file protein.cif (mmCIF, C-alpha atoms and all ligand atoms)
data_my_file
loop_
_atom_site.label_atom_id
_atom_site.label_comp_id
_atom_site.auth_asym_id
_atom_site.auth_seq_id
_atom_site.Cartn_x
_atom_site.Cartn_y
_atom_site.Cartn_z
CA MET A 389 -1.76 25.92 -47.83
CA LEU A 390 1.90 25.32 -47.10
CA ARG A 391 2.25 23.26 -43.90
CA ILE A 392 5.34 24.13 -41.87
CA ALA A 393 6.75 22.58 -38.69
CA VAL A 394 8.24 25.05 -36.18
CA PRO A 395 10.09 24.10 -32.94
CA ASN A 396 7.84 24.69 -29.94
CA LYS A 397 10.55 24.63 -27.22
CA GLY A 398 14.26 24.91 -26.55
CA SER A 399 17.06 26.85 -28.23
CA LEU A 400 15.48 26.73 -31.69
CA SER A 401 12.01 27.91 -30.79
CA GLY A 402 12.43 31.66 -30.09
CA PRO A 403 14.85 32.45 -32.93
CA ALA A 404 12.80 30.39 -35.44
CA SER A 405 9.59 32.27 -34.63
CA ALA A 406 11.47 35.59 -34.68
CA MET A 407 12.83 34.83 -38.15
CA LEU A 408 9.38 33.83 -39.46
CA HIS A 409 7.90 37.00 -38.01
CA GLU A 410 10.64 39.04 -39.69
CA ALA A 411 9.76 37.29 -42.96
CA GLY A 412 6.21 38.63 -42.67
CA TYR A 413 4.43 35.56 -41.28
CA GLN A 414 2.05 35.57 -38.33
CA GLN A 415 3.40 33.73 -35.31
CA ARG A 416 1.67 32.39 -32.22
CA LYS A 417 1.20 34.75 -29.27
CA GLU A 418 1.02 32.05 -26.59
CA SER A 419 3.57 29.30 -26.09
CA LYS A 420 0.70 26.84 -25.59
CA GLU A 421 -0.69 27.33 -29.11
CA LEU A 422 0.01 24.22 -31.21
CA VAL A 423 -1.28 25.30 -34.62
CA LEU A 424 -1.53 28.72 -36.22
CA VAL A 425 -3.15 29.47 -39.57
CA ASP A 426 -1.89 32.50 -41.47
CA PRO A 427 -4.55 32.81 -44.19
CA GLU A 428 -3.08 35.91 -45.83
CA ASN A 429 0.16 34.09 -46.54
CA GLU A 430 -1.56 30.74 -47.12
CA VAL A 431 0.59 29.03 -44.53
CA GLU A 432 -0.22 26.79 -41.57
CA PHE A 433 2.36 26.50 -38.77
CA PHE A 434 2.54 23.43 -36.51
CA TYR A 435 4.49 23.95 -33.27
CA LEU A 436 6.15 20.61 -32.56
CA ARG A 437 8.96 19.17 -30.44
CA PRO A 438 12.22 19.90 -32.29
CA ARG A 439 13.16 16.22 -32.17
CA ASP A 440 9.92 15.18 -33.88
CA ILE A 441 10.06 17.65 -36.76
CA ALA A 442 12.17 15.56 -39.16
CA ILE A 443 9.82 12.62 -38.57
CA TYR A 444 6.71 14.64 -39.45
CA VAL A 445 8.37 16.13 -42.52
CA SER A 446 9.69 12.77 -43.75
CA SER A 447 6.18 11.32 -43.45
CA GLY A 448 5.00 13.87 -46.02
CA LYS A 449 2.22 15.16 -43.73
CA LEU A 450 4.04 18.49 -43.45
CA ASP A 451 5.77 20.17 -46.39
CA ILE A 452 8.77 21.67 -44.62
CA GLY A 453 10.15 22.22 -41.15
CA ILE A 454 12.73 24.11 -39.15
CA THR A 455 14.98 22.00 -36.95
CA GLY A 456 18.65 21.51 -36.01
CA ARG A 457 21.00 19.76 -38.43
CA ASP A 458 22.09 17.49 -35.56
CA LEU A 459 18.47 16.56 -34.78
CA LEU A 460 17.81 15.84 -38.47
CA ILE A 461 20.82 13.53 -38.73
CA ASP A 462 20.14 11.91 -35.37
CA SER A 463 16.57 11.05 -36.39
CA GLY A 464 17.70 9.09 -39.45
CA ALA A 465 14.48 10.35 -41.10
CA ASN A 466 14.11 10.54 -44.86
CA ALA A 467 14.44 14.32 -44.94
CA GLU A 468 17.08 16.74 -46.22
CA GLU A 469 18.41 20.18 -45.44
CA ILE A 470 17.48 22.87 -47.97
CA LEU A 471 18.49 26.14 -46.27
CA PRO A 472 20.86 26.80 -43.34
CA LEU A 473 19.48 29.56 -41.07
CA GLY A 474 22.54 30.68 -39.08
CA PHE A 475 21.15 30.42 -35.53
CA ALA A 476 21.37 27.72 -32.80
CA ARG A 477 24.94 27.10 -33.94
CA SER A 478 26.69 24.39 -31.98
CA THR A 479 29.31 21.67 -32.21
CA PHE A 480 28.69 18.06 -31.23
CA ARG A 481 31.58 16.64 -29.21
CA PHE A 482 32.81 13.92 -26.91
CA ALA A 483 33.76 14.99 -23.37
CA ALA A 484 35.11 13.28 -20.26
CA LYS A 485 36.98 14.00 -17.01
CA PRO A 486 40.39 15.56 -17.85
CA GLY A 487 43.05 12.94 -18.54
CA THR A 488 40.65 10.03 -18.97
CA ALA A 489 40.42 10.05 -22.79
CA GLN A 490 42.48 11.60 -25.58
CA GLY A 491 40.81 10.34 -28.73
CA ILE A 492 38.06 8.16 -30.08
CA ASP A 493 40.20 5.01 -29.75
CA ASP A 494 39.98 5.40 -25.96
CA LEU A 495 36.22 4.77 -26.15
CA ALA A 496 36.55 1.03 -26.85
CA GLY A 497 34.72 -0.93 -24.15
CA ARG A 498 33.41 2.23 -22.47
CA THR A 499 29.89 3.68 -22.10
CA VAL A 500 28.92 6.95 -23.78
CA ALA A 501 25.86 8.85 -22.50
CA THR A 502 24.06 11.08 -24.99
CA SER A 503 20.68 12.46 -26.11
CA TYR A 504 21.83 11.91 -29.71
CA GLU A 505 22.11 8.15 -29.90
CA GLY A 506 21.74 8.04 -33.69
CA ILE A 507 24.70 10.36 -34.34
CA VAL A 508 26.93 8.69 -31.73
CA ALA A 509 26.19 5.08 -32.71
CA LYS A 510 26.89 5.86 -36.37
CA HIS A 511 30.06 7.79 -35.59
CA LEU A 512 31.38 4.93 -33.44
CA ALA A 513 30.46 2.33 -36.08
CA ASP A 514 32.09 4.41 -38.87
CA SER A 515 35.23 4.64 -36.72
CA GLY A 516 35.19 0.90 -35.96
CA ILE A 517 34.92 1.46 -32.19
CA ASP A 518 33.01 -1.00 -30.04
CA ALA A 519 31.48 1.08 -27.21
CA SER A 520 28.08 1.10 -25.46
CA VAL A 521 25.73 4.03 -25.91
CA ILE A 522 23.22 4.96 -23.23
CA HIS A 523 20.37 7.33 -24.07
CA LEU A 524 19.52 10.17 -21.68
CA ASP A 525 16.97 12.92 -22.34
CA GLY A 526 19.13 15.85 -21.22
CA ALA A 527 21.58 17.19 -18.64
CA VAL A 528 23.95 14.45 -19.82
CA GLU A 529 26.96 16.22 -18.27
CA THR A 530 25.89 14.82 -14.90
CA ALA A 531 25.97 11.21 -16.11
CA ILE A 532 29.73 10.95 -15.49
CA GLU A 533 29.58 12.26 -11.91
CA LEU A 534 26.79 9.80 -11.18
CA GLY A 535 28.72 6.90 -12.71
CA VAL A 536 26.25 6.09 -15.48
CA ALA A 537 28.92 6.60 -18.17
CA GLN A 538 32.64 7.44 -18.47
CA VAL A 539 32.14 9.65 -21.52
CA ILE A 540 29.38 11.91 -22.86
CA ALA A 541 28.63 13.17 -26.35
CA ASP A 542 26.69 16.43 -26.37
CA VAL A 543 25.99 19.79 -27.93
CA VAL A 544 28.64 22.38 -27.03
CA GLU A 545 28.19 26.06 -27.63
CA THR A 546 30.10 28.23 -25.14
CA GLY A 547 31.48 25.22 -23.21
CA THR A 548 30.04 26.57 -19.93
CA SER A 549 28.00 23.44 -19.17
CA LEU A 550 31.08 21.21 -19.61
CA ARG A 551 33.28 23.48 -17.49
CA ASN A 552 30.68 23.58 -14.71
CA ALA A 553 30.61 19.78 -14.69
CA GLY A 554 34.44 19.55 -14.61
CA LEU A 555 34.60 17.95 -18.07
CA GLU A 556 36.78 18.57 -21.15
CA VAL A 557 36.16 17.90 -24.82
CA PHE A 558 38.47 15.42 -26.55
CA GLY A 559 38.94 14.05 -30.06
CA GLU A 560 37.76 15.62 -33.30
CA PRO A 561 34.38 17.44 -33.36
CA ILE A 562 31.70 14.96 -34.43
CA MET A 563 29.64 17.52 -36.33
CA LYS A 564 28.72 21.19 -36.58
CA SER A 565 25.07 22.14 -36.37
CA GLU A 566 22.77 25.10 -36.86
CA ALA A 567 19.07 25.58 -37.50
CA VAL A 568 18.07 24.43 -40.99
CA VAL A 569 14.96 24.25 -43.17
CA ILE A 570 14.22 20.66 -44.14
CA ARG A 571 11.92 18.86 -46.58
CA ARG A 572 11.16 15.23 -47.34
CA THR A 573 14.10 14.03 -49.44
CA GLY A 574 13.54 15.18 -53.03
CA ALA A 575 10.01 16.49 -52.38
CA GLY A 576 8.56 19.82 -53.50
CA ALA A 577 11.72 21.06 -55.20
CA ASP A 578 9.70 23.01 -57.79
CA ASP A 579 6.73 23.87 -55.57
CA PRO A 580 6.28 27.66 -56.01
CA LYS A 581 4.95 27.99 -52.44
CA VAL A 582 8.09 26.36 -51.02
CA GLN A 583 10.26 28.52 -53.26
CA GLN A 584 8.50 31.68 -52.08
CA PHE A 585 8.90 30.67 -48.43
CA LEU A 586 12.64 30.07 -48.94
CA ARG A 587 13.05 33.42 -50.75
CA ARG A 588 11.45 35.19 -47.80
CA LEU A 589 13.81 33.53 -45.31
CA GLN A 590 16.79 34.21 -47.58
CA GLY A 591 15.67 37.85 -47.62
CA VAL A 592 15.81 37.92 -43.81
CA LEU A 593 19.26 36.31 -43.80
CA VAL A 594 20.57 38.91 -46.25
CA ALA A 595 18.93 41.78 -44.35
CA ARG A 596 20.60 40.49 -41.18
CA THR A 597 24.06 40.18 -42.66
CA TYR A 598 24.35 43.16 -45.04
CA VAL A 599 24.06 46.93 -44.81
CA MET A 600 23.49 49.35 -47.67
CA MET A 601 26.47 51.65 -48.18
CA ASP A 602 26.35 54.99 -50.02
CA TYR A 603 29.28 57.30 -50.69
CA ASP A 604 30.62 59.92 -53.05
CA CYS A 605 34.00 59.63 -54.70
CA ARG A 606 36.05 61.21 -57.45
CA ALA A 607 35.55 59.53 -60.82
CA GLU A 608 39.26 58.74 -61.04
CA HIS A 609 39.03 56.74 -57.78
CA LEU A 610 35.91 54.85 -58.81
CA GLU A 611 37.58 51.56 -59.82
CA GLN A 612 39.53 51.45 -56.55
CA ALA A 613 36.39 52.23 -54.56
CA VAL A 614 34.26 49.68 -56.36
CA ALA A 615 36.89 47.02 -55.69
CA LEU A 616 36.24 47.64 -51.97
CA THR A 617 32.45 47.51 -52.39
CA PRO A 618 31.74 45.05 -55.21
CA GLY A 619 28.18 44.43 -53.93
CA LEU A 620 26.23 41.29 -54.68
CA GLU A 621 25.89 41.86 -58.41
CA SER A 622 27.45 45.23 -59.12
CA PRO A 623 27.27 48.67 -57.43
CA THR A 624 24.92 51.40 -58.67
CA ILE A 625 26.84 54.47 -59.92
CA SER A 626 25.03 57.83 -60.30
CA PRO A 627 26.44 61.14 -61.53
CA LEU A 628 26.75 64.01 -59.03
CA HIS A 629 25.96 67.64 -59.90
CA ASN A 630 29.52 68.44 -58.94
CA GLU A 631 31.49 67.40 -62.04
CA GLY A 632 34.16 64.76 -61.64
CA TRP A 633 32.35 63.11 -58.71
CA VAL A 634 30.04 60.09 -58.63
CA ALA A 635 27.71 58.58 -56.02
CA VAL A 636 28.05 54.84 -55.36
CA ARG A 637 25.51 52.51 -53.70
CA SER A 638 26.37 48.95 -52.80
CA MET A 639 25.55 46.17 -50.30
CA VAL A 640 28.37 45.40 -47.85
CA PRO A 641 28.60 42.61 -45.24
CA THR A 642 27.77 44.20 -41.85
CA LYS A 643 30.85 42.68 -40.23
CA ASP A 644 33.13 44.44 -42.77
CA ALA A 645 31.29 47.78 -42.84
CA GLN A 646 33.57 49.80 -40.52
CA ARG A 647 36.78 48.57 -42.18
CA VAL A 648 35.38 49.28 -45.65
CA MET A 649 34.35 52.81 -44.54
CA ASP A 650 37.92 53.45 -43.30
CA ASP A 651 39.39 52.16 -46.57
CA LEU A 652 36.98 54.24 -48.67
CA TYR A 653 37.81 57.35 -46.65
CA ALA A 654 41.51 56.68 -47.15
CA ILE A 655 41.11 56.76 -50.95
CA GLY A 656 39.20 60.05 -50.79
CA ALA A 657 35.56 58.93 -50.67
CA ARG A 658 33.31 61.18 -48.59
CA ALA A 659 29.72 61.28 -47.25
CA ILE A 660 30.00 57.57 -46.53
CA LEU A 661 26.73 56.32 -45.04
CA THR A 662 25.44 52.91 -44.07
CA THR A 663 21.77 52.08 -43.61
CA ALA A 664 20.07 48.92 -42.37
CA ILE A 665 18.23 46.70 -44.84
CA HIS A 666 14.84 45.66 -43.45
CA ALA A 667 13.86 43.13 -46.09
CA CYS A 668 14.97 42.08 -49.54
CA ARG A 669 14.49 39.68 -52.43
CA LEU A 670 17.68 38.92 -54.24
N1 LIG B 701 23.30 25.97 -25.84
C1 LIG B 701 23.01 25.84 -27.12
N2 LIG B 701 23.47 26.73 -28.02
C2 LIG B 701 23.18 26.62 -29.33
N3 LIG B 701 22.42 25.65 -29.84
C3 LIG B 701 21.94 24.74 -28.98
C4 LIG B 701 22.21 24.79 -27.59
N4 LIG B 701 21.58 23.76 -26.99
C5 LIG B 701 20.94 23.11 -27.98
N5 LIG B 701 21.16 23.69 -29.17
C6 LIG B 701 20.67 23.28 -30.48
O1 LIG B 701 19.26 23.25 -30.36
C7 LIG B 701 18.77 22.05 -30.92
C8 LIG B 701 18.28 21.19 -29.79
O2 LIG B 701 16.98 21.42 -29.59
P1 LIG B 701 16.47 21.15 -28.13
O3 LIG B 701 15.02 21.23 -28.18
O4 LIG B 701 17.13 19.98 -27.52
O5 LIG B 701 17.02 22.48 -27.51
P2 LIG B 701 17.47 22.68 -26.09
O6 LIG B 701 17.84 24.11 -26.00
O7 LIG B 701 18.49 21.66 -25.77
O8 LIG B 701 16.06 22.43 -25.35
P3 LIG B 701 15.66 21.50 -24.16
O9 LIG B 701 15.43 22.48 -23.05
O10 LIG B 701 14.42 20.83 -24.63
O11 LIG B 701 16.79 20.58 -23.90
C9 LIG B 701 19.93 21.35 -31.56
O12 LIG B 701 20.00 21.65 -32.92
C10 LIG B 701 21.11 21.87 -30.80
O13 LIG B 701 22.31 21.85 -31.56
O1 LIG B 702 28.24 24.96 -24.22
P1 LIG B 702 27.06 25.62 -23.58
O2 LIG B 702 26.91 27.05 -23.98
O3 LIG B 702 27.01 25.42 -22.11
O4 LIG B 702 25.75 24.94 -24.22
C1 LIG B 702 25.60 23.56 -24.33
C2 LIG B 702 24.53 23.05 -23.42
O5 LIG B 702 23.25 23.54 -23.86
C3 LIG B 702 22.36 22.44 -24.01
O6 LIG B 702 21.79 22.14 -22.79
P2 LIG B 702 20.31 22.53 -22.36
O7 LIG B 702 20.33 23.77 -21.55
O8 LIG B 702 19.43 22.53 -23.54
O9 LIG B 702 19.95 21.34 -21.41
P3 LIG B 702 19.80 19.80 -21.78
O10 LIG B 702 21.16 19.21 -21.62
O11 LIG B 702 18.86 19.31 -20.74
O12 LIG B 702 19.28 19.72 -23.15
C4 LIG B 702 23.30 21.31 -24.36
O13 LIG B 702 22.69 20.05 -24.13
C5 LIG B 702 24.49 21.54 -23.48
O14 LIG B 702 24.30 21.01 -22.21
MG MG B 703 18.83 20.59 -24.58
#
call {"tool": "encode", "arguments": {"input": "protein.cif", "output": "structure tokens"}}
result
Amino acid sequence: MLRIAVPNKGSLSGPASAMLHEAGYQQRKESKELVLVDPENEVEFFYLRPRDIAIYVSSGKLDIGITGRDLLIDSGANAEEILPLGFARSTFRFAAKPGTAQGIDDLAGRTVATSYEGIVAKHLADSGIDASVIHLDGAVETAIELGVAQVIADVVETGTSLRNAGLEVFGEPIMKSEAVVIRRTGAGADDPKVQQFLRRLQGVLVARTYVMMDYDCRAEHLEQAVALTPGLESPTISPLHNEGWVAVRSMVPTKDAQRVMDDLYAIGARAILTTAIHACRL
């Protein structure tokens, strides 16, 4: 059985379970369930605190896990990212009261509050800045108001939490994060079960980001049309009963679909349809 760590709480938990469900795996029905065996797919899911997942995976007790890139790096665990998953996207940044800091050099001698001590301490050391780091479990934005620190380093997504606390980001972003699949460094690279799991998740990612596009066009416009819809490998071209016309089928990124349909129409293509992809193996 493949043993997989899944976040049990927070921003990663819901989207991770939704993606696994979309990939055909059973998922827990109750948020209190800690372990779920999916015998049909020969997989066992362990619902763990997101922060602990890299530690379990690096110990080798679990084969792979889903966590945040920032949590992986912060843990310092001997684990590596093998597939980015595109959700729980965030940026990790310094913030302070407006006008109190412009760049990392202003941190010398100050105290930075964060839940990500590992990332911050390393970033300060790499930048040659001597500052204190104080660890807080969450709601770090409040640490400045309460005088525990002059600066915070935290996850920023929309920036609403910072704005509400009267804080502003400063300096260069420390890192960009998203949910990722991780494994113990170098482990299981050729394990067919791991490969199959990754193919299933890749299938979900493709199904989420592409649509299938079908259209008819005149044979003389085919090269122009195909340039607009090159597909992943190459489009499928079928003859139409009506001579001089062909039918084309190709995958198109969802975000480009409307523009591509306009461009195809403009070169004379007709009966342009898009359909959702539910699952795929590339
Ligand atoms: N508002 C957010 N938007 C996008 N990603 C986020 C957000 N907050 C946290 N994350 C990401 O989620 C992961 C953090 O997991 P964590 O369990 O701390 O989530 P959380 O939503 O902060 O939950 P908690 O309620 O336990 O604080 C990190 O990878 C982080 O980058
Ligand atoms: O830029 P925003 O869209 O506001 O999102 C970022 C906020 O979301 C997370 O907080 P969370 O709600 O997880 O609380 P926490 O600080 O206790 O972890 C993070 O720690 C930031 O505070
Ligand atoms: Mg949080």
call {"tool": "closest_residue", "arguments": {"input": "protein.cif", "among": "A:Thr502, A:Ser419, A:Asn466, A:Ser446", "to": "ligand LIG 702 (chain B)", "atoms": "all atoms listed in the file"}}
result
A:Thr502
call {"tool": "residues_near_point", "arguments": {"input": "protein.cif", "point": "(29.7, -2.5, -24.9)", "cutoff": "6 Å", "atoms": "all atoms listed in the file", "output": "VMD selection string"}}
result
chain A and resid 497 519 to 520
call {"tool": "residues_near_ligand", "arguments": {"input": "protein.cif", "ligand": "ligand LIG 702 (chain B)", "cutoff": "9 Å", "atoms": "all atoms listed in the file", "output": "MDAnalysis selection string"}}
result
chainID A and resid 398:399 478:479 503 525:529 542:552
call {"tool": "atom_distance", "arguments": {"input": "protein.cif", "atom1": "CA of Gly402 in chain A", "atom2": "CA of Thr662 in chain A"}}
result
28.6 Å
call {"tool": "residues_near_point", "arguments": {"input": "protein.cif", "point": "(10.8, 27.6, -39.2)", "cutoff": "6 Å", "atoms": "only C-alpha atoms", "output": "VMD selection string"}}
result
chain A and resid 394 404 453 to 454
call {"tool": "closest_residue", "arguments": {"input": "protein.cif", "among": "A:Gly412, A:Arg647, A:Asp426, A:Leu436", "to": "Asn396 in chain A", "atoms": "only C-alpha atoms"}}
result
A:Leu436
call {"tool": "residues_around", "arguments": {"input": "protein.cif", "residues": "Leu586 in chain A", "least_positions_apart": "6", "cutoff": "10 Å", "atoms": "all atoms listed in the file", "output": "PDB file with C-alpha atoms, in the coordinates of the input"}}
result
ATOM      1  CA  ALA A 411       9.760  37.290 -42.960  1.00  0.00           C
ATOM      2  CA  ILE A 470      17.480  22.870 -47.970  1.00  0.00           C
ATOM      3  CA  LEU A 471      18.490  26.140 -46.270  1.00  0.00           C
ATOM      4  CA  VAL A 569      14.960  24.250 -43.170  1.00  0.00           C
ATOM      5  CA  PRO A 580       6.280  27.660 -56.010  1.00  0.00           C
ATOM      6  CA  VAL A 592      15.810  37.920 -43.810  1.00  0.00           C
TER       7      VAL A 592
END
call {"tool": "residues_around", "arguments": {"input": "protein.cif", "residues": "Thr663 in chain A", "least_positions_apart": "4", "cutoff": "12 Å", "atoms": "all atoms listed in the file", "output": "ChimeraX atom specification"}}
result
/A:595-596,598-603,637-642,645
call {"tool": "residues_around", "arguments": {"input": "protein.cif", "residues": "Glu505 in chain A", "least_positions_apart": "2", "cutoff": "7 Å", "atoms": "only C-alpha atoms", "output": "ChimeraX atom specification"}}
result
/A:462,502-503,507-509,521,523
call {"tool": "residues_around", "arguments": {"input": "protein.cif", "residues": "Gly632 in chain A", "least_positions_apart": "4", "cutoff": "10 Å", "atoms": "all atoms listed in the file", "output": "short mmCIF file (atom, residue, chain, number, x, y, z; two decimals) with C-alpha atoms, in the frame of the given file"}}
result
data_model
loop_
_atom_site.label_atom_id
_atom_site.label_comp_id
_atom_site.auth_asym_id
_atom_site.auth_seq_id
_atom_site.Cartn_x
_atom_site.Cartn_y
_atom_site.Cartn_z
CA CYS A 605 34.00 59.63 -54.70
CA ARG A 606 36.05 61.21 -57.45
CA ALA A 607 35.55 59.53 -60.82
CA GLU A 608 39.26 58.74 -61.04
CA PRO A 627 26.44 61.14 -61.53
CA LEU A 628 26.75 64.01 -59.03
#
call {"tool": "atom_distance", "arguments": {"input": "protein.cif", "atom1": "CA of His511 in chain A", "atom2": "atom O9 of ligand LIG 701 (chain B)"}}
result
24.2 Å
call {"tool": "residues_around", "arguments": {"input": "protein.cif", "residues": "Gln415 in chain A", "least_positions_apart": "6", "cutoff": "9 Å", "atoms": "all atoms listed in the file", "output": "PyMOL selection string"}}
result
chain A and resi 405-406+408-409+424-426+433
call {"tool": "write_last_selection", "arguments": {"input": "protein.cif", "atoms": "C-alpha atoms", "output": "compact mmCIF listing (two decimals), in the coordinates of the input"}}
result
# COMPACT_ATOMS: atom_id res chain seq x y z
CA SER A 405 9.59 32.27 -34.63
CA ALA A 406 11.47 35.59 -34.68
CA LEU A 408 9.38 33.83 -39.46
CA HIS A 409 7.90 37.00 -38.01
CA LEU A 424 -1.53 28.72 -36.22
CA VAL A 425 -3.15 29.47 -39.57
CA ASP A 426 -1.89 32.50 -41.47
CA PHE A 433 2.36 26.50 -38.77
call {"tool": "closest_residue", "arguments": {"input": "protein.cif", "among": "A:Phe475, A:Tyr444, A:Tyr653, A:Tyr504", "to": "ligand MG 703 (chain B)", "atoms": "only C-alpha atoms and all ligand atoms"}}
result
A:Tyr504
call {"tool": "atom_distance", "arguments": {"input": "protein.cif", "atom1": "CA of Val568 in chain A", "atom2": "atom N3 of ligand LIG 701 (chain B)"}}
result
12.0 Å
call {"tool": "closest_residue", "arguments": {"input": "protein.cif", "among": "A:Pro438, A:Gly656, A:Gly456, A:Pro486", "to": "Glu556 in chain A", "atoms": "only C-alpha atoms"}}
result
A:Pro486
call {"tool": "closest_residue", "arguments": {"input": "protein.cif", "among": "A:Ser401, A:Thr530, A:Thr488, A:Gln584", "to": "Glu430 in chain A", "atoms": "all atoms listed in the file"}}
result
A:Gln584
call {"tool": "closest_residue", "arguments": {"input": "protein.cif", "among": "A:Ala635, A:Leu589, A:Met407, A:Ala541", "to": "ligand LIG 701 (chain B)", "atoms": "all atoms listed in the file"}}
result
A:Ala541
